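Participant: Let me give you the structure first, and then I'll get to my questions.
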Amino acid sequence: MKLKPVLFSFLIATLPTAFAAAQTQTFPTSAGPVKITPIYHASTLIEAGGKTIYLDPAKPAKLSGLPKADLILITDIHGDHMDPDSIKEIIKPETEILAPPAVVATVTAAKPLANGETKSWQGWTIEAIPAYNLKRGPAPGKFFHDKGRGNGYVITYGGKRFYFSGDTEGIPEMRALKNIDVAFVCMNLPYTMPPEEAADAVKAFHPKIVIPYHYRGSDLTVFQKALEGTGIEVRVLEWYPK
């Protein structure tokens with residue numbers, strides 16, 4: 001059977017959206033469910049209470065067909081986290097954007113939220129957690145991610161705490177986190193950390209569930225094996241749809 005051109009085009013256009021929806025994780029909270037959908041790499045869709053939050057919407061994430069943003073959180077200045085074109089695709093007049101001050105210099109519509117600061121938004125509490133390199137950089141004495149520039153975020157809704165690491169190594173501020181229900185942790189060399197280092201950091205703050213993200217090129221079986229027997233549930237999702 002041959003598909004009509006219009007129908008074929010519609011099916012192709014909706015494939016990325018359908019794939020993303022199949023990866024959606026739903027977490028119960030006292031204020032209702034939180035749905036978190038991986039889009040691509042660090043780009044993430046969060047839905048709860050009739051509101052839509054995006055974390056790091058950036059190319060090549062496919063955003064067409066997804067709901068417009070009520071809130072956008074950006075972690076750092078690099079193009080896989082801060083992408084003005086992708087922001088334009090999902091923004092609406094009332095959309096709010098929160099980002100580190102270094103991002104606000106480019107995304108001027110954003111409100112600054114620096115390391116250590118906290119903001120309340122529509123039933124959510126948003127904490128800016130440091131995200132930086134301890135030892136990895138492009139040259140001796142230089143780092144891919146300088147301390148104080150980028151944010152990770154702990155976002156709390158209905159008593160559940162969700163951590164998104166941003167670009168970071170296993171820094172003391174990560175290891176000192178408390179009462180994290182779900183952690184999204186990066187791992188990719190040379191820019192952040194390898195899976196074994198990520199697992200060691202996760203053991204230190206012991207979330208109930210950990211989901212690797214921003215992991216392009218990493219062997220996730222190493223991460224899973226390192227966390228066996230810890231009581232931490234590892235969920236592996238597909239962040240790089242073909």
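All residue names refer to the structure tokens as shown: chains lettered A, B, ... in order, residues numbered from 1 in each chain, ligands numbered from 1 in order.
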Using DSSP on the backbone coordinates, identify all residues within segment 24-178 of chain A classified as helix (DSSP H, G or I); present the result as a list in words.

Facilitator: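 Those residues are Pro84, Asp85, Ser86, Ile87, Lys88, Glu89, Ile90, Pro101, Ala102, Val103, Val104, Pro172, Glu173, Met174 and Arg175 of chain A.
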
Participant: Output as CSV one row per residue of segment 94-168 of chain A within 6 Å of segment 176-186 of chain A: the closest atom pair and its distance in Å to one decimal place, counting only C-alpha atoms, sorted by chain and residue number ascending.

Facilitator:
```
residue,atom,partner,partner_atom,distance
A:Arg161,CA,A:Ile180,CA,5.2
A:Phe162,CA,A:Val182,CA,4.9
A:Tyr163,CA,A:Ala183,CA,4.6
A:Phe164,CA,A:Phe184,CA,4.8
A:Ser165,CA,A:Val185,CA,5.2
```

Participant: Pick out each residue of segment 2-237 of chain A that DSSP on the backbone tags as strand (DSSP E or B); I need them as a PyMOL selection string.

Facilitator: chain A and resi 25-27+34-40+43-48+51-55+71-73+96-99+111-112+118-121+124-131+150-157+160-164+182-186+209-213+233-234

Participant: Please list as an MDAnalysis selection string every residue within 10 Å of segment 94-102 of chain A, counting only C-alpha atoms and excluding residues in the same chain fewer than 4 positions away.

Facilitator: chainID A and resid 52:56 68:77 82 87 90 106:115 119 121 126 128 148:152
